[in-house]
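One file, work_8.txt, carrying compact mmCIF, C-alpha atoms and all ligand atoms:
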```txt
# COMPACT_ATOMS: atom_id res chain seq x y z
CA MET M 1 -3.26 -61.54 57.66
CA ILE M 2 -6.29 -62.78 55.79
CA TRP M 3 -9.05 -64.06 58.01
CA ASP M 4 -12.75 -64.69 57.70
CA PRO M 5 -14.87 -66.40 60.38
CA GLY M 6 -16.31 -68.48 57.53
CA PHE M 7 -12.98 -70.36 57.38
CA LEU M 8 -14.25 -72.22 60.47
CA ASP M 9 -16.97 -73.78 58.30
CA TYR M 10 -14.21 -76.01 56.89
CA ASP M 11 -15.04 -78.53 59.57
CA PHE M 12 -14.75 -82.32 59.42
CA GLY M 13 -16.40 -82.73 62.83
CA PRO M 14 -15.26 -82.90 66.45
CA HIS M 15 -13.29 -86.13 66.17
CA HIS M 16 -11.25 -85.23 63.10
CA PRO M 17 -7.63 -84.15 63.66
CA PHE M 18 -7.75 -81.19 61.24
CA THR M 19 -9.42 -78.09 62.59
CA GLU M 20 -9.35 -74.48 61.44
CA ARG M 21 -9.98 -73.52 65.09
CA SER M 22 -6.25 -73.82 65.80
CA ARG M 23 -5.59 -71.38 62.92
CA ALA M 24 -8.16 -69.00 64.41
CA PHE M 25 -6.11 -69.09 67.60
CA ALA M 26 -3.06 -67.85 65.68
CA VAL M 27 -5.11 -64.81 64.65
CA SER M 28 -6.48 -64.24 68.15
CA LEU M 29 -2.99 -64.59 69.63
CA LEU M 30 -1.71 -61.85 67.33
CA ASP M 31 -4.75 -59.78 68.25
CA ALA M 32 -4.23 -60.29 71.99
CA CYS M 33 -0.60 -59.21 71.55
CA GLY M 34 -1.65 -55.94 69.88
CA PHE M 35 -0.42 -56.87 66.40
CA PHE M 36 -3.46 -55.37 64.66
CA GLU M 37 -3.31 -52.04 66.46
CA PRO M 38 -2.79 -49.21 63.95
CA SER M 39 0.73 -48.46 65.22
CA SER M 40 1.84 -52.06 64.90
CA GLY M 41 2.12 -52.66 61.17
CA GLY M 42 -0.11 -55.74 61.13
CA ARG M 43 -3.25 -55.63 59.01
CA ARG M 44 -6.22 -57.96 58.97
CA ILE M 45 -7.93 -58.31 55.61
CA GLY M 46 -11.46 -59.75 55.32
CA PRO M 47 -14.21 -60.70 54.71
CA VAL M 48 -13.21 -63.24 52.08
CA LEU M 49 -15.45 -64.43 49.26
CA PRO M 50 -15.30 -68.03 48.03
CA ALA M 51 -13.11 -68.39 44.95
CA SER M 52 -15.09 -68.31 41.70
CA ARG M 53 -15.78 -71.44 39.73
CA ALA M 54 -13.57 -70.05 36.94
CA ALA M 55 -10.63 -69.59 39.32
CA LEU M 56 -11.05 -73.13 40.70
CA GLU M 57 -11.12 -74.51 37.16
CA GLY M 58 -7.61 -73.15 36.73
CA PHE M 59 -6.51 -76.27 38.61
CA HIS M 60 -9.50 -78.53 39.34
CA THR M 61 -11.50 -80.48 36.78
CA ARG M 62 -15.12 -79.57 36.01
CA GLY M 63 -16.20 -83.10 36.81
CA TYR M 64 -14.73 -82.96 40.30
CA LEU M 65 -16.18 -79.52 41.02
CA ASP M 66 -19.64 -80.66 39.84
CA ARG M 67 -19.47 -83.72 42.06
CA LEU M 68 -18.28 -81.67 45.01
CA GLU M 69 -21.12 -79.16 44.60
CA GLU M 70 -23.63 -81.99 44.58
CA ILE M 71 -22.10 -83.76 47.61
CA SER M 72 -22.00 -80.45 49.44
CA TRP M 73 -25.83 -80.41 49.38
CA ASP M 74 -26.21 -83.99 50.51
CA PRO M 75 -23.02 -85.20 52.19
CA ARG M 76 -24.55 -87.95 54.35
CA GLY M 77 -21.90 -90.51 55.15
CA ARG M 78 -19.88 -89.80 52.05
CA ALA M 79 -16.12 -89.45 51.93
CA LEU M 80 -14.29 -87.37 49.36
CA ASP M 81 -11.25 -89.66 49.25
CA GLY M 82 -10.46 -93.08 50.70
CA GLY M 83 -11.94 -92.00 54.02
CA ASP M 84 -9.63 -89.43 55.65
CA THR M 85 -11.51 -86.49 54.12
CA PRO M 86 -15.23 -86.79 54.93
CA ALA M 87 -17.81 -84.66 53.16
CA PHE M 88 -19.81 -82.21 55.27
CA PRO M 89 -22.71 -79.84 54.57
CA GLY M 90 -21.48 -76.83 52.63
CA CYS M 91 -18.07 -78.36 51.98
CA TYR M 92 -17.91 -76.82 48.49
CA GLU M 93 -18.39 -73.27 49.68
CA ALA M 94 -16.19 -73.65 52.77
CA SER M 95 -13.33 -75.05 50.68
CA ALA M 96 -13.78 -72.40 47.99
CA ARG M 97 -13.65 -69.68 50.65
CA ILE M 98 -10.25 -70.90 51.84
CA VAL M 99 -9.04 -70.80 48.24
CA GLY M 100 -10.50 -67.28 48.09
CA GLY M 101 -8.36 -66.38 51.11
CA THR M 102 -5.13 -67.47 49.46
CA LEU M 103 -6.14 -65.68 46.26
CA ALA M 104 -6.83 -62.55 48.34
CA CYS M 105 -3.24 -62.79 49.63
CA LEU M 106 -1.98 -62.89 46.04
CA HIS M 107 -4.14 -59.94 45.01
CA ALA M 108 -3.01 -57.83 47.99
CA ILE M 109 0.62 -58.51 47.04
CA GLN M 110 0.03 -57.86 43.33
CA ALA M 111 -1.74 -54.58 44.12
CA GLY M 112 1.28 -53.51 46.18
CA GLU M 113 -0.89 -53.15 49.31
CA VAL M 114 1.41 -55.46 51.27
CA ASP M 115 4.75 -57.21 50.76
CA HIS M 116 3.83 -60.26 52.81
CA ALA M 117 0.46 -61.91 53.24
CA LEU M 118 -0.61 -64.94 55.28
CA ASN M 119 -3.69 -67.10 54.99
CA PRO M 120 -3.40 -69.29 58.10
CA ALA M 121 -6.42 -71.35 56.97
CA GLY M 122 -4.80 -72.24 53.64
CA GLY M 123 -2.02 -74.61 52.66
CA LEU M 124 -4.21 -77.54 51.53
CA HIS M 125 -1.42 -79.02 49.44
CA HIS M 126 -2.66 -82.60 48.92
CA ALA M 127 -5.80 -81.92 46.84
CA HIS M 128 -5.47 -83.12 43.23
CA PRO M 129 -7.14 -81.74 40.09
CA SER M 130 -9.88 -84.36 40.21
CA GLY M 131 -10.06 -85.37 43.85
CA ALA M 132 -9.66 -84.60 47.55
CA SER M 133 -6.85 -86.13 49.56
CA GLY M 134 -5.41 -85.97 53.06
CA PHE M 135 -7.90 -83.46 54.62
CA CYS M 136 -7.56 -81.21 51.54
CA ILE M 137 -10.69 -80.74 49.41
CA LEU M 138 -9.56 -77.93 47.11
CA ASN M 139 -5.94 -76.96 46.57
CA ASP M 140 -5.74 -73.25 47.44
CA LEU M 141 -2.00 -73.21 46.71
CA ALA M 142 -2.27 -74.72 43.24
CA VAL M 143 -5.21 -72.51 42.24
CA THR M 144 -3.24 -69.48 43.44
CA LEU M 145 -0.05 -70.53 41.65
CA ARG M 146 -2.07 -70.88 38.46
CA GLN M 147 -3.46 -67.34 38.90
CA ALA M 148 0.00 -65.99 39.70
CA LEU M 149 1.37 -67.51 36.47
CA ASP M 150 -1.54 -67.04 34.06
CA GLY M 151 -3.79 -64.34 35.51
CA PRO M 152 -3.50 -60.56 35.29
CA ASP M 153 -0.27 -59.02 36.68
CA ARG M 154 1.36 -62.41 36.29
CA TYR M 155 4.88 -63.43 37.30
CA ALA M 156 7.19 -65.20 34.87
CA ARG M 157 8.41 -67.56 37.60
CA VAL M 158 7.12 -68.48 41.07
CA ALA M 159 8.99 -70.42 43.75
CA TYR M 160 6.96 -72.73 45.97
CA LEU M 161 8.46 -73.85 49.28
CA ASP M 162 6.75 -76.42 51.48
CA ILE M 163 7.94 -77.19 55.02
CA ASP M 164 4.94 -79.27 56.11
CA ALA M 165 5.86 -82.70 57.52
CA HIS M 166 3.94 -84.25 54.62
CA HIS M 167 5.03 -84.02 51.00
CA GLY M 168 2.98 -81.49 49.01
CA ASP M 169 2.07 -83.97 46.30
CA GLY M 170 -0.95 -82.07 44.91
CA VAL M 171 1.16 -79.01 44.17
CA MET M 172 4.22 -80.88 42.93
CA PHE M 173 2.39 -83.18 40.52
CA GLY M 174 0.12 -80.30 39.48
CA PHE M 175 3.16 -78.39 38.15
CA TYR M 176 5.46 -81.33 37.46
CA GLU M 177 6.06 -80.35 33.83
CA ASP M 178 5.82 -76.60 34.38
CA GLY M 179 9.15 -74.78 34.08
CA ARG M 180 7.71 -71.66 35.70
CA VAL M 181 7.44 -73.27 39.16
CA LEU M 182 10.45 -74.15 41.28
CA ASP M 183 9.02 -76.48 43.93
CA ILE M 184 11.17 -77.19 47.00
CA ASP M 185 9.64 -79.51 49.56
CA ILE M 186 11.20 -80.56 52.87
CA HIS M 187 9.23 -83.30 54.61
CA GLN M 188 9.30 -86.57 56.49
CA ASP M 189 10.41 -89.46 54.28
CA GLY M 190 7.49 -90.85 52.25
CA ARG M 191 8.46 -94.38 53.23
CA THR M 192 7.26 -93.61 56.75
CA LEU M 193 4.50 -91.04 56.17
CA PHE M 194 1.50 -90.13 53.99
CA PRO M 195 1.32 -89.50 51.03
CA GLY M 196 4.32 -91.73 50.28
CA THR M 197 5.89 -89.49 47.64
CA GLY M 198 8.57 -86.77 47.55
CA PHE M 199 11.85 -88.53 46.80
CA PRO M 200 14.91 -86.83 45.30
CA ALA M 201 14.46 -88.76 42.05
CA GLU M 202 11.07 -87.07 41.53
CA SER M 203 12.60 -83.98 39.98
CA GLY M 204 10.14 -82.88 37.29
CA LYS M 205 9.56 -83.63 33.61
CA GLY M 206 9.71 -81.73 30.35
CA ASP M 207 10.03 -77.99 31.00
CA GLY M 208 9.81 -78.76 34.72
CA ALA M 209 12.80 -81.13 34.70
CA GLY M 210 15.22 -80.33 37.50
CA LEU M 211 12.80 -77.87 39.13
CA LYS M 212 11.03 -80.18 41.58
CA VAL M 213 13.28 -80.57 44.59
CA ASN M 214 12.46 -83.08 47.30
CA LEU M 215 14.28 -83.26 50.62
CA PRO M 216 12.95 -86.19 52.68
CA LEU M 217 14.09 -86.37 56.31
CA PRO M 218 14.03 -89.47 58.51
CA ALA M 219 11.53 -89.70 61.38
CA GLY M 220 13.06 -88.01 64.43
CA ALA M 221 15.00 -85.33 62.51
CA GLY M 222 14.66 -81.75 63.78
CA ASP M 223 16.19 -78.27 63.59
CA GLU M 224 19.71 -79.73 63.51
CA ALA M 225 18.84 -81.42 60.20
CA VAL M 226 16.59 -78.95 58.45
CA LEU M 227 18.46 -75.70 59.01
CA PRO M 228 21.89 -76.68 57.58
CA LEU M 229 20.19 -78.55 54.74
CA PHE M 230 18.06 -75.50 53.92
CA ASP M 231 21.15 -73.25 53.89
CA ARG M 232 23.03 -75.58 51.60
CA VAL M 233 20.30 -76.24 49.04
CA VAL M 234 17.58 -73.59 49.04
CA PRO M 235 19.33 -70.21 48.62
CA PRO M 236 21.42 -71.25 45.58
CA LEU M 237 18.38 -72.74 43.84
CA LEU M 238 16.26 -69.66 44.48
CA ARG M 239 19.03 -67.28 43.38
CA GLU M 240 19.48 -69.21 40.14
CA PHE M 241 15.72 -69.33 39.48
CA ARG M 242 14.99 -65.63 40.21
CA PRO M 243 11.30 -65.91 41.17
CA GLY M 244 8.88 -62.99 40.97
CA LEU M 245 7.01 -64.32 43.99
CA ILE M 246 7.68 -66.84 46.75
CA VAL M 247 4.84 -68.97 48.11
CA LEU M 248 5.56 -70.67 51.45
CA GLN M 249 3.41 -73.46 52.86
CA THR M 250 4.09 -73.46 56.62
CA GLY M 251 2.62 -76.74 57.86
CA VAL M 252 3.25 -76.95 61.59
CA ASP M 253 3.05 -80.73 61.80
CA ALA M 254 6.86 -80.99 61.60
CA HIS M 255 6.93 -79.54 65.13
CA ALA M 256 8.06 -81.93 67.87
CA GLY M 257 5.14 -83.70 69.49
CA ASP M 258 2.76 -83.54 66.55
CA PRO M 259 0.43 -86.55 66.78
CA LEU M 260 0.36 -87.29 63.02
CA ALA M 261 4.05 -86.93 62.05
CA HIS M 262 7.44 -87.64 63.57
CA LEU M 263 9.79 -84.74 62.93
CA GLN M 264 11.08 -82.57 65.78
CA TYR M 265 11.29 -78.94 64.70
CA THR M 266 10.87 -76.34 67.45
CA LEU M 267 9.36 -72.85 67.41
CA ALA M 268 12.91 -71.49 67.22
CA GLY M 269 13.57 -73.68 64.18
CA TYR M 270 10.38 -72.58 62.44
CA ARG M 271 11.23 -68.93 63.12
CA GLN M 272 14.66 -69.41 61.58
CA LEU M 273 13.30 -71.23 58.53
CA VAL M 274 10.61 -68.65 57.82
CA GLY M 275 13.09 -65.86 58.58
CA ARG M 276 15.47 -67.24 55.93
CA VAL M 277 12.66 -67.39 53.37
CA HIS M 278 11.68 -63.85 54.29
CA SER M 279 15.25 -62.59 53.72
CA LEU M 280 15.41 -64.38 50.38
CA ALA M 281 12.12 -62.76 49.33
CA HIS M 282 13.62 -59.33 50.00
CA GLU M 283 16.83 -60.25 48.24
CA LEU M 284 15.18 -61.73 45.14
CA CYS M 285 11.65 -60.42 44.60
CA GLU M 286 11.13 -57.14 46.43
CA GLY M 287 9.77 -58.94 49.45
CA ARG M 288 6.85 -60.59 47.70
CA LEU M 289 6.06 -63.53 49.98
CA LEU M 290 2.76 -65.34 50.29
CA GLN M 291 2.58 -67.57 53.36
CA THR M 292 -0.09 -70.12 54.21
CA GLY M 293 -0.60 -72.52 57.07
CA GLY M 294 -0.92 -76.21 56.34
CA GLY M 295 -0.92 -79.29 58.52
CA GLY M 296 -0.44 -79.18 62.27
CA TYR M 297 -2.50 -81.15 64.73
CA LEU M 298 -1.74 -79.51 68.08
CA ALA M 299 -3.46 -76.14 68.45
CA GLU M 300 -0.77 -74.90 70.84
CA ASN M 301 1.89 -75.36 68.16
CA VAL M 302 -0.13 -74.14 65.18
CA SER M 303 -1.18 -70.93 66.95
CA ARG M 304 2.25 -70.04 68.31
CA VAL M 305 4.26 -70.91 65.18
CA LEU M 306 1.96 -69.06 62.76
CA ALA M 307 1.62 -66.00 65.03
CA ALA M 308 5.35 -65.75 65.70
CA THR M 309 6.52 -66.30 62.12
CA ALA M 310 3.93 -63.99 60.56
CA SER M 311 4.67 -61.15 62.96
CA ASP M 312 8.42 -61.70 62.54
CA MET M 313 7.94 -61.06 58.83
CA ALA M 314 6.04 -57.87 59.48
CA GLY M 315 9.07 -56.63 61.43
CA ARG M 316 6.81 -56.33 64.50
CA SER M 317 7.31 -59.65 66.19
CA VAL M 318 4.91 -60.40 69.01
CA TYR M 319 7.49 -62.93 70.21
CA ARG M 320 9.91 -61.47 72.75
CA ARG M 321 11.56 -64.42 74.48
CA ALA M 322 10.91 -68.10 75.08
CA GLY M 323 9.74 -67.66 78.67
CA GLN M 324 7.44 -64.73 77.96
CA PRO M 325 3.93 -65.56 79.25
CA LEU M 326 1.11 -65.74 76.71
CA PRO M 327 -1.80 -63.29 77.22
CA ALA M 328 -4.16 -64.48 79.99
CA SER M 329 -7.31 -63.70 77.99
CA TRP M 330 -6.06 -65.78 75.07
CA ARG M 331 -5.17 -68.66 77.38
CA ALA M 332 -8.63 -68.63 78.91
CA ASP M 333 -10.27 -68.72 75.45
CA PHE M 334 -7.97 -71.54 74.41
CA GLU M 335 -8.96 -73.65 77.41
CA SER M 336 -12.67 -73.02 76.93
CA VAL M 337 -12.55 -74.03 73.25
CA PHE M 338 -10.15 -76.98 73.39
CA GLY M 339 -10.97 -78.21 76.90
CA TYR M 340 -7.37 -78.82 77.98
CA PRO M 341 -4.68 -76.59 79.51
CA SER M 342 -3.35 -73.83 77.29
CA PRO M 343 0.39 -73.42 76.82
CA ARG M 344 1.75 -70.91 79.34
CA HIS M 345 4.66 -69.36 77.43
CA TRP M 346 5.82 -68.82 73.88
CA GLU M 347 8.07 -71.83 74.38
CA ASP M 348 7.40 -74.32 77.13
CA GLY M 349 10.40 -76.57 76.45
CA VAL M 350 9.67 -79.54 74.21
CA PRO M 351 11.06 -82.94 75.20
CA LEU M 352 13.08 -84.11 72.19
CA SER M 353 14.19 -87.66 71.54
CA ARG M 354 17.58 -88.49 70.06
CA SER M 355 17.83 -87.46 66.43
CA PRO M 356 18.95 -90.07 63.89
CA TRP M 357 20.48 -87.26 61.75
CA ARG M 358 24.26 -87.30 61.19
CA LYS M 359 26.58 -85.34 58.93
CA GLU M 360 26.66 -88.43 56.70
CA SER M 361 22.85 -88.27 56.42
CA GLU M 362 23.14 -84.79 54.93
CA GLU M 363 25.93 -85.87 52.57
CA ASP M 364 23.92 -88.86 51.40
CA LEU M 365 20.75 -86.85 50.77
CA VAL M 366 22.60 -84.00 49.04
CA HIS M 367 24.41 -86.54 46.87
CA ARG M 368 21.13 -88.12 45.76
CA LEU M 369 19.76 -84.66 45.01
CA GLU M 370 22.84 -83.71 43.00
CA GLU M 371 22.51 -86.88 40.92
CA SER M 372 18.85 -86.18 40.22
CA LEU M 373 19.06 -82.44 39.51
CA GLY M 374 22.52 -82.30 37.91
CA VAL M 375 23.48 -79.44 40.23
CA ARG M 376 26.25 -79.28 42.82
CA PHE M 377 25.60 -78.18 46.40
CA PRO M 378 29.04 -77.67 47.98
CA ASP M 379 29.30 -78.06 51.74
CA PRO M 380 29.69 -74.51 53.03
CA GLY M 381 31.87 -75.99 55.81
CA THR M 382 34.44 -77.25 53.28
CA PRO M 383 37.19 -74.85 52.12
CA SER M 384 36.47 -73.84 48.52
CA ASP M 385 39.68 -75.39 47.10
CA GLN M 386 38.53 -78.81 48.31
CA ARG M 387 34.99 -78.64 46.96
ZN ZN H 401 1.09 -82.19 56.93
```
Step by step, read the file and then write its structure as structure tokens.
Ligand SMILES: [Zn+2]
Amino acid sequence: MIWDPGFLDYDFGPHHPFTERSRAFAVSLLDACGFFEPSSGGRRIGPVLPASRAALEGFHTRGYLDRLEEISWDPRGRALDGGDTPAFPGCYEASARIVGGTLACLHAIQAGEVDHALNPAGGLHHAHPSGASGFCILNDLAVTLRQALDGPDRYARVAYLDIDAHHGDGVMFGFYEDGRVLDIDIHQDGRTLFPGTGFPAESGKGDGAGLKVNLPLPAGAGDEAVLPLFDRVVPPLLREFRPGLIVLQTGVDAHAGDPLAHLQYTLAGYRQLVGRVHSLAHELCEGRLLQTGGGGYLAENVSRVLAATASDMAGRSVYRRAGQPLPASWRADFESVFGYPSPRHWEDGVPLSRSPWRKESEEDLVHRLEESLGVRFPDPGTPSDQR
């Protein structure tokens, strides 16, 4: 677990939906559950330095970084994109520090200090080489992928998985022609959600052709959609690709009840998804798995999902059972910071609405994917002689 209190400086103000405070509550939940005690296997790594200008230039343009440095000194009333991503004092350094956190995860894995590393503050997948977008100023994932592919101790191939409700457009387009990155992104359909991209036909170009894999789900889809689809599509692609490292963006805005998106995953679903990625990392690349946070606009979901999935991976899960009460001290802190009642248990029972997902929905999506990638994804439920 990489954490630095300076991550909280990435702050768009009290009325903005994105806040690193909910990520801080993932760390404090793990702490309150004893995850960082020496016997527990969890380690906290920090402090974190901002990423260097040279590292940032691995993905971002000089012109954008110059402009950002200047705005960072004098941000008054300026937005970094169409308006969703306002500038704030020190925004250059705060953004660069989050990139530094994701790079620190990579370095800890490369040095063999850990198999799995999480930067809960990272996952800013919308930022483009020359501009901010969708609450993301600098793209920690893309900068880190570039380091993993071109820096010292590099990997020949890296798999990027993104389970945020929003399509990870900054990462996908950043590596669209790069054959060294398999990008698999499961998200709410771009026809109903920002950023409006991520369709099966967007499958890469040049060396990257067939390596950008988009799985859009309709609004209202949940665990019943994502888990079978994952099992059908993701393991065969990863096994064929043989990555040296897996990078997982764990946006929590696909959780039921998120105010900015309309999918309905549950904590149980997230634990299963991340657990599957974790198993694949051990099967394919000696466990090397770099996890980040991402979107997620309810602190109660962000904190519980990131704490449970990260500790699951460490083999020392702080999650015992759905009805297990959360630590009282943590709940009190939560209420004093957010000013509304804390969740009481690991799972409080989420009211789900009827899912639009049917078996035919899966067949239709898989068919479109097969057309675009030129790969077959047999239904594991169909006997092999009928495939
Ligand atoms: Zn998102």
Nearby polymer residues, ligand ZN 401 (chain H), at most 6 Å, all atoms listed in the file, as an NGL selection string: :M and (164-166 or 251 or 253 or 295)
Could those selected residues go to a file with C-alpha atoms, as a compact mmCIF listing (two decimals), in the coordinates of the input?
```txt
# COMPACT_ATOMS: atom_id res chain seq x y z
CA ASP M 164 4.94 -79.27 56.11
CA ALA M 165 5.86 -82.70 57.52
CA HIS M 166 3.94 -84.25 54.62
CA GLY M 251 2.62 -76.74 57.86
CA ASP M 253 3.05 -80.73 61.80
CA GLY M 295 -0.92 -79.29 58.52
```
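Here the question is which of M:Ser361, M:Thr61, M:Asn139, M:Ser72 gets nearest to Leu229 of chain M using all atoms listed in the file, and that residue is M:Ser361.
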How big is the axis-aligned box, and where does its centre sit, when it encloses all atoms of segment 175-189 of chain M listed in the file and has 3 Å added on every side, reported in Å to one decimal as JSON?
```
{"center_x": 7.2, "center_y": -80.6, "center_z": 45.2, "size_x": 14.0, "size_y": 23.8, "size_z": 28.7}
```
Among the residues M:Asp140, M:Glu362, M:Asp231, M:Glu347, the one that comes closest to Ser303 of chain M [using only C-alpha atoms]: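 Of the candidates, the smallest distance to Ser303 of chain M is held by M:Glu347.
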I want to know what sits within 10 Å of Gly190 of chain M, based on only C-alpha atoms, with residues of the same chain fewer than 4 positions away left out; could you give that as a list in words?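 Close residues of Gly190 of chain M: Ala165, His166, His167, Phe194, Pro195, Gly196, Thr197, Gly198, Phe199, Pro216, Leu217 and Pro218 of chain M.
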Need the shell around Pro236 of chain M: protein/DNA/RNA residues with any atom at most 12 Å away, counting all atoms listed in the file. Skip same-chain ones fewer than 3 positions apart. Format as a list in words?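 Those residues are Ile184, Leu229, Phe230, Asp231, Arg232, Val233, Arg239, Glu240, Phe241, Arg242, Leu280, Leu284, Val375, Arg376, Phe377, Pro378 and Pro380 of chain M.
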Find the distance between atom CA of Ala26 of chain M and atom CA of Ala308 of chain M and write it in Å to one decimal.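 We find that atom CA of Ala26 of chain M and atom CA of Ala308 of chain M lie 8.7 Å from each other.
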